[in-house]
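Shown below: structure28.txt, with compact mmCIF, C-alpha atoms.
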```txt
# COMPACT_ATOMS: atom_id res chain seq x y z
CA MET A 1 0.00 0.00 0.00
CA ASN A 2 1.21 3.53 -0.73
CA PHE A 3 0.06 7.11 -0.21
CA THR A 4 -2.53 6.82 -2.96
CA SER A 5 -4.10 3.61 -1.64
CA PRO A 6 -7.56 4.14 -0.13
CA LEU A 7 -7.81 3.97 3.66
CA LEU A 8 -11.04 3.56 5.59
CA CYS A 9 -10.78 5.86 8.61
CA LEU A 10 -13.17 5.35 11.53
CA ASP A 11 -13.64 7.49 14.63
CA LEU A 12 -15.71 5.65 17.26
CA GLY A 13 -17.05 8.28 19.65
CA ASN A 14 -19.32 8.40 22.67
CA THR A 15 -22.39 9.61 20.76
CA THR A 16 -21.59 9.06 17.09
CA CYS A 17 -19.22 7.06 14.92
CA ARG A 18 -17.81 8.78 11.85
CA GLY A 19 -16.09 7.27 8.86
CA GLY A 20 -14.60 8.27 5.54
CA ILE A 21 -12.17 7.22 2.84
CA TRP A 22 -8.74 8.83 2.67
CA LEU A 23 -7.83 9.07 -1.00
CA GLU A 24 -5.84 11.55 -3.08
CA GLY A 25 -4.75 13.48 -0.01
CA LYS A 26 -8.16 14.12 1.54
CA ILE A 27 -11.10 12.51 3.32
CA GLN A 28 -13.96 11.59 1.01
CA ASP A 29 -17.37 9.93 1.23
CA GLU A 30 -17.91 10.72 4.94
CA ASN A 31 -20.77 9.17 6.86
CA THR A 32 -21.97 9.28 10.46
CA ILE A 33 -23.99 6.82 12.53
CA SER A 34 -25.04 6.86 16.18
CA THR A 35 -22.74 4.81 18.40
CA GLN A 36 -25.71 2.82 19.65
CA GLU A 37 -26.69 1.89 16.11
CA PHE A 38 -23.08 1.16 15.17
CA SER A 39 -22.80 -1.35 18.01
CA LEU A 40 -25.80 -3.22 16.56
CA SER A 41 -24.96 -3.02 12.85
CA ALA A 42 -21.26 -2.26 12.43
CA LYS A 43 -20.73 -4.72 9.58
CA LYS A 44 -23.64 -3.38 7.53
CA TRP A 45 -22.49 0.21 8.01
CA ILE A 46 -18.88 -0.55 7.05
CA GLU A 47 -20.02 -2.37 3.92
CA ARG A 48 -21.23 0.95 2.44
CA TRP A 49 -17.58 1.64 1.59
CA LYS A 50 -16.66 -0.75 -1.21
CA ILE A 51 -12.97 -0.19 -1.90
CA TYR A 52 -10.19 0.27 0.66
CA GLU A 53 -6.95 -1.50 1.45
CA LYS A 54 -6.64 -0.84 5.17
CA VAL A 55 -8.79 0.23 8.11
CA CYS A 56 -7.39 2.76 10.57
CA TYR A 57 -9.47 3.69 13.58
CA CYS A 58 -9.58 5.25 17.01
CA SER A 59 -12.08 4.50 19.75
CA VAL A 60 -13.11 5.86 23.11
CA VAL A 61 -15.92 3.31 23.51
CA PRO A 62 -14.78 -0.27 24.27
CA THR A 63 -18.12 -1.85 23.29
CA ALA A 64 -18.05 -0.06 19.91
CA GLU A 65 -14.49 -1.25 19.34
CA GLN A 66 -15.56 -4.82 20.07
CA SER A 67 -18.34 -4.47 17.50
CA LEU A 68 -15.83 -3.11 14.99
CA LYS A 69 -13.42 -5.99 15.52
CA ALA A 70 -16.25 -8.51 15.07
CA ALA A 71 -17.35 -6.76 11.87
CA LEU A 72 -13.83 -6.67 10.45
CA ALA A 73 -13.36 -10.35 11.24
CA ALA A 74 -16.61 -11.15 9.43
CA LEU A 75 -15.38 -9.12 6.45
CA ASN A 76 -12.00 -10.90 6.56
CA MET A 77 -10.23 -7.55 6.95
CA GLN A 78 -6.97 -8.12 8.81
CA ASN A 79 -5.04 -5.07 7.62
CA THR A 80 -5.90 -2.66 10.44
CA TYR A 81 -4.30 0.06 12.52
CA CYS A 82 -5.62 1.22 15.90
CA LEU A 83 -4.42 4.68 16.87
CA ASN A 84 -3.57 5.52 20.47
CA ALA A 85 -0.67 7.10 22.35
CA GLY A 86 1.20 3.78 22.32
CA THR A 87 0.93 3.12 18.58
CA LEU A 88 1.87 6.58 17.30
CA SER A 89 5.59 7.28 17.52
CA HIS A 90 5.69 10.41 15.36
CA LEU A 91 4.00 12.79 17.81
CA PRO A 92 6.10 13.92 20.79
CA ILE A 93 4.03 13.67 23.97
CA ALA A 94 5.04 15.67 27.05
CA TYR A 95 2.40 14.17 29.32
CA PRO A 96 2.95 12.08 32.47
CA LYS A 97 0.52 9.31 31.51
CA PRO A 98 0.05 9.19 27.72
CA SER A 99 -2.28 6.19 28.01
CA GLU A 100 -4.89 8.48 29.58
CA ILE A 101 -5.20 10.64 26.46
CA GLY A 102 -8.28 9.80 24.42
CA ALA A 103 -7.42 8.29 21.04
CA ASP A 104 -9.55 10.89 19.23
CA ARG A 105 -7.56 13.63 20.94
CA ILE A 106 -4.34 11.99 19.74
CA ALA A 107 -5.71 11.95 16.18
CA ASN A 108 -6.74 15.61 16.38
CA SER A 109 -3.41 16.64 17.82
CA TYR A 110 -1.43 14.79 15.18
CA ALA A 111 -3.45 16.37 12.39
CA VAL A 112 -2.67 19.89 13.61
CA TYR A 113 0.95 18.90 14.32
CA LYS A 114 1.25 18.01 10.64
CA LYS A 115 -0.85 20.79 9.06
CA TYR A 116 -0.99 23.99 11.12
CA PRO A 117 1.41 26.59 12.52
CA LEU A 118 2.35 25.73 16.11
CA PRO A 119 1.60 26.23 18.98
CA ALA A 120 -1.95 25.19 18.19
CA VAL A 121 -5.06 24.54 20.23
CA VAL A 122 -7.60 21.99 19.02
CA ILE A 123 -11.14 22.40 20.37
CA ASP A 124 -13.37 19.39 19.73
CA LEU A 125 -17.00 20.12 20.59
CA GLY A 126 -18.76 16.80 20.98
CA THR A 127 -20.25 14.87 23.89
CA ALA A 128 -17.39 16.39 25.85
CA THR A 129 -15.59 19.52 24.72
CA THR A 130 -11.84 19.01 24.76
CA PHE A 131 -8.99 21.47 24.35
CA ASP A 132 -5.66 19.98 23.27
CA VAL A 133 -2.46 21.99 23.12
CA VAL A 134 0.29 21.09 20.66
CA THR A 135 3.66 22.83 20.40
CA LYS A 136 6.45 22.47 17.85
CA THR A 137 9.10 21.14 20.21
CA ALA A 138 7.16 19.31 22.93
CA GLY A 139 4.28 18.06 20.79
CA TYR A 140 1.20 17.23 22.83
CA ILE A 141 1.47 18.91 26.24
CA GLY A 142 -2.03 18.55 27.71
CA GLY A 143 -5.46 20.09 27.62
CA VAL A 144 -8.84 20.74 29.15
CA ILE A 145 -12.08 18.72 29.33
CA VAL A 146 -15.51 20.23 29.99
CA PRO A 147 -19.03 18.96 29.26
CA GLY A 148 -20.16 19.42 25.68
CA PRO A 149 -23.16 21.66 24.92
CA GLN A 150 -25.60 18.75 24.88
CA GLY A 151 -23.90 17.26 27.92
CA MET A 152 -24.53 20.42 29.94
CA LEU A 153 -28.24 20.27 29.14
CA ASP A 154 -28.34 16.53 29.83
CA TYR A 155 -26.78 17.08 33.25
CA LEU A 156 -29.45 19.61 34.21
CA GLY A 157 -32.25 17.39 32.93
CA ASN A 158 -30.90 14.26 34.63
CA ARG A 159 -29.82 15.74 37.95
CA THR A 160 -32.78 17.97 38.75
CA ALA A 161 -36.40 17.05 39.41
CA MET A 162 -38.12 19.96 37.68
CA LEU A 163 -35.94 20.78 34.68
CA PRO A 164 -36.83 19.27 31.28
CA GLN A 165 -34.73 17.18 28.94
CA ILE A 166 -33.69 19.27 25.92
CA ASP A 167 -32.31 17.85 22.69
CA LEU A 168 -30.21 20.43 20.86
CA THR A 169 -30.78 18.85 17.45
CA ASN A 170 -33.72 21.04 16.42
CA GLN A 171 -33.41 23.90 18.88
CA ASN A 172 -33.39 27.57 17.91
CA ARG A 173 -30.01 28.97 18.97
CA THR A 174 -31.21 32.61 18.80
CA VAL A 175 -32.72 33.09 22.24
CA SER A 176 -33.01 36.08 24.56
CA ALA A 177 -30.60 36.42 27.46
CA ILE A 178 -33.61 36.52 29.79
CA GLY A 179 -35.49 33.28 29.25
CA GLN A 180 -39.26 33.44 29.74
CA SER A 181 -39.76 29.72 30.29
CA THR A 182 -37.73 27.03 32.01
CA GLY A 183 -36.59 25.57 28.71
CA LEU A 184 -35.67 28.99 27.31
CA ALA A 185 -33.77 29.83 30.50
CA MET A 186 -31.70 26.66 30.03
CA MET A 187 -31.09 27.49 26.37
CA SER A 188 -30.12 31.03 27.33
CA GLY A 189 -27.55 29.72 29.77
CA LEU A 190 -26.06 27.59 27.04
CA CYS A 191 -26.23 30.03 24.14
CA HIS A 192 -25.01 33.05 26.09
CA GLY A 193 -22.67 31.31 28.51
CA TYR A 194 -20.92 28.57 26.60
CA LEU A 195 -18.93 30.67 24.15
CA PRO A 196 -17.60 33.02 26.90
CA MET A 197 -16.49 29.89 28.79
CA LEU A 198 -14.54 28.73 25.74
CA HIS A 199 -12.98 32.19 25.42
CA GLY A 200 -11.98 32.12 29.09
CA ILE A 201 -10.31 28.72 28.83
CA LEU A 202 -8.46 29.73 25.67
CA HIS A 203 -7.28 32.94 27.33
CA SER A 204 -5.90 30.98 30.29
CA ILE A 205 -4.10 28.54 27.97
CA ASN A 206 -2.51 31.44 26.10
CA LEU A 207 -1.33 33.03 29.36
CA GLU A 208 0.42 29.78 30.32
CA LEU A 209 2.08 29.51 26.92
CA GLU A 210 3.27 33.11 27.19
CA LYS A 211 5.15 32.18 30.36
CA ASN A 212 7.32 29.98 28.14
CA GLY A 213 7.73 32.68 25.51
CA GLU A 214 5.12 31.21 23.14
CA LYS A 215 1.69 32.24 21.90
CA ILE A 216 -1.11 30.46 20.14
CA LEU A 217 -0.69 30.59 16.37
CA SER A 218 -3.54 28.26 15.36
CA ILE A 219 -6.99 27.59 16.82
CA VAL A 220 -8.76 24.69 15.15
CA GLN A 221 -12.31 23.71 16.00
CA THR A 222 -13.94 20.42 15.11
CA GLY A 223 -16.86 18.29 16.26
CA GLY A 224 -20.59 18.47 15.73
CA GLU A 225 -21.14 21.70 17.67
CA ALA A 226 -18.12 23.63 16.34
CA LYS A 227 -20.15 25.72 13.90
CA ASN A 228 -22.48 26.88 16.67
CA PHE A 229 -19.74 28.09 19.03
CA LEU A 230 -17.09 29.51 16.73
CA LEU A 231 -14.28 31.44 18.38
CA GLU A 232 -12.57 34.44 16.84
CA ARG A 233 -9.50 33.46 14.79
CA ALA A 234 -10.59 29.84 14.82
CA LEU A 235 -10.77 27.63 11.75
CA ILE A 236 -13.37 24.87 11.48
CA HIS A 237 -11.96 21.56 10.26
CA ASN A 238 -14.74 18.97 10.24
CA SER A 239 -12.59 16.05 9.06
CA LEU A 240 -9.73 16.72 11.47
CA THR A 241 -9.96 13.45 13.44
CA LEU A 242 -10.22 11.30 10.31
CA GLU A 243 -7.31 13.13 8.70
CA GLY A 244 -5.21 12.61 11.82
CA LEU A 245 -5.97 8.90 11.60
CA ALA A 246 -4.86 8.78 7.98
CA PHE A 247 -1.65 10.72 8.68
CA ALA A 248 -0.80 8.46 11.60
CA CYS A 249 -1.48 5.27 9.67
CA LEU A 250 0.60 6.34 6.68
CA ASP A 251 3.50 7.62 8.78
CA GLN A 252 3.63 4.47 10.92
CA GLN A 253 3.64 2.41 7.74
CA ASP A 254 6.56 4.43 6.34
CA ARG A 255 8.55 3.79 9.51
CA ALA A 256 7.85 0.04 9.52
```
Write the structure described by the file as structure tokens, please.
Amino acid sequence: MNFTSPLLCLDLGNTTCRGGIWLEGKIQDENTISTQEFSLSAKKWIERWKIYEKVCYCSVVPTAEQSLKAALAALNMQNTYCLNAGTLSHLPIAYPKPSEIGADRIANSYAVYKKYPLPAVVIDLGTATTFDVVTKTAGYIGGVIVPGPQGMLDYLGNRTAMLPQIDLTNQNRTVSAIGQSTGLAMMSGLCHGYLPMLHGILHSINLELEKNGEKILSIVQTGGEAKNFLLERALIHNSLTLEGLAFACLDQQDRA
């Protein structure tokens, strides 16, 4: 296999699983499925992609990974690469326990390490919102984890007796700061409070980098909610995780 050979890249996340084909230097034919559905029909979903020579994946959900392995076995696909901190040797990691870093965060960090001016901060807005900081010399140095937008609403709905469950999927994001119903008050807290929180975290990260004579040169946002909470100077890169998987797979192959 070489750089032009098609790779099937799979990101198995807490809420959704995303896949796409890496071919001709970019991710193509992307598709997303809920993680719950993937666990029940992984083989059928993977079969939508007809031509690929290798499967590279990352997972933060053990049950989804088990379903993937069963599906690949049924498809007689043995040429696979699982990305994690232990299988990627090209990204420097200045972190006491690299095994604790989520595999999707490793993929994101490697993609920006390869493509963007450093230091860079990757902000992945999914079930959790993660900040990952990557520098030119030290590589991955750490980050921040907070609940994702939907996770914040889920927490309120699950942990309180009188607050409703709200699904962000079809919600109007243009709401008044002063909510005139319980649901609108919750949406106001999210829509008017979440972005300032992201700004505050980013500001604190930049202050710490400045202590070492550095400053953030790239801010890259990805994940399902990135478009709804876009920071100034930030670039949205929807295929970041899948691209990081492809880069890692190809670079590990070159070293073998």
In terms of the shortest atom-to-atom distance over only C-alpha atoms, which of A:Ala111, A:Leu75, A:Val55, A:Met186 is closest to Ser5 in chain A?
A:Val55
To one decimal place in Å, what is the distance between CA of Ala71 in chain A and CA of Phe38 in chain A?
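According to the coordinates, CA of Ala71 in chain A and CA of Phe38 in chain A are separated by 10.3 Å.
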Could you tell me which of A:Ala248, A:Cys191, A:Ala226, A:Leu7 comes closest to Gln171 in chain A if we count all atoms listed in the file?
A:Cys191
Need to verify the contact set: Ile123 in chain A, 6 Å, only C-alpha atoms, exclusion of same-chain residues closer than 6 positions in sequence. Can you return it as a VMD selection string?
chain A and resid 130 to 131 221
How many Å lie between CA of Pro164 in chain A and CA of Gln150 in chain A, rounded to one decimal?
12.9 Å
Could you name the residues that touch range 10-27 of chain A at 9 Å or less, counting all atoms listed in the file, but leaving out those on the same chain fewer than 5 positions away, as an NGL selection string?
:A and (3-5 or 32-38 or 46 or 49 or 51-52 or 55-61 or 64-65 or 103-104 or 126-128 or 239 or 241-243 or 245-246)
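Using only C-alpha atoms, the protein and nucleic acid residues lying no more than 12 Å from Gly213 in chain A, apart from those fewer than 4 places from it along its own chain, are Pro119, Thr135, Asn206, Leu207, Glu208 and Leu209 of chain A.
CA of Asn238 in chain A to CA of Gly223 in chain A spans 6.4 Å [interatomic distance, one decimal].
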Of the residues A:Ser89, A:Leu8, A:Ile178, A:Gln28, which is the one nearest to Glu53 in chain A, using only C-alpha atoms?
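Looking at the shortest contact to Glu53 in chain A, the residue is A:Leu8.
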Please identify all polymer residues within 10 Å of Leu72 in chain A, counting all atoms listed in the file, omitting same-chain residues fewer than 5 positions from it, and present them as a list of chain:residue names.
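Result of the neighbour search: A:Ala42, A:Lys43, A:Ile46, A:Glu47, A:Val55, A:Gln66, A:Ser67, A:Met77, A:Gln78, A:Asn79, A:Thr80.
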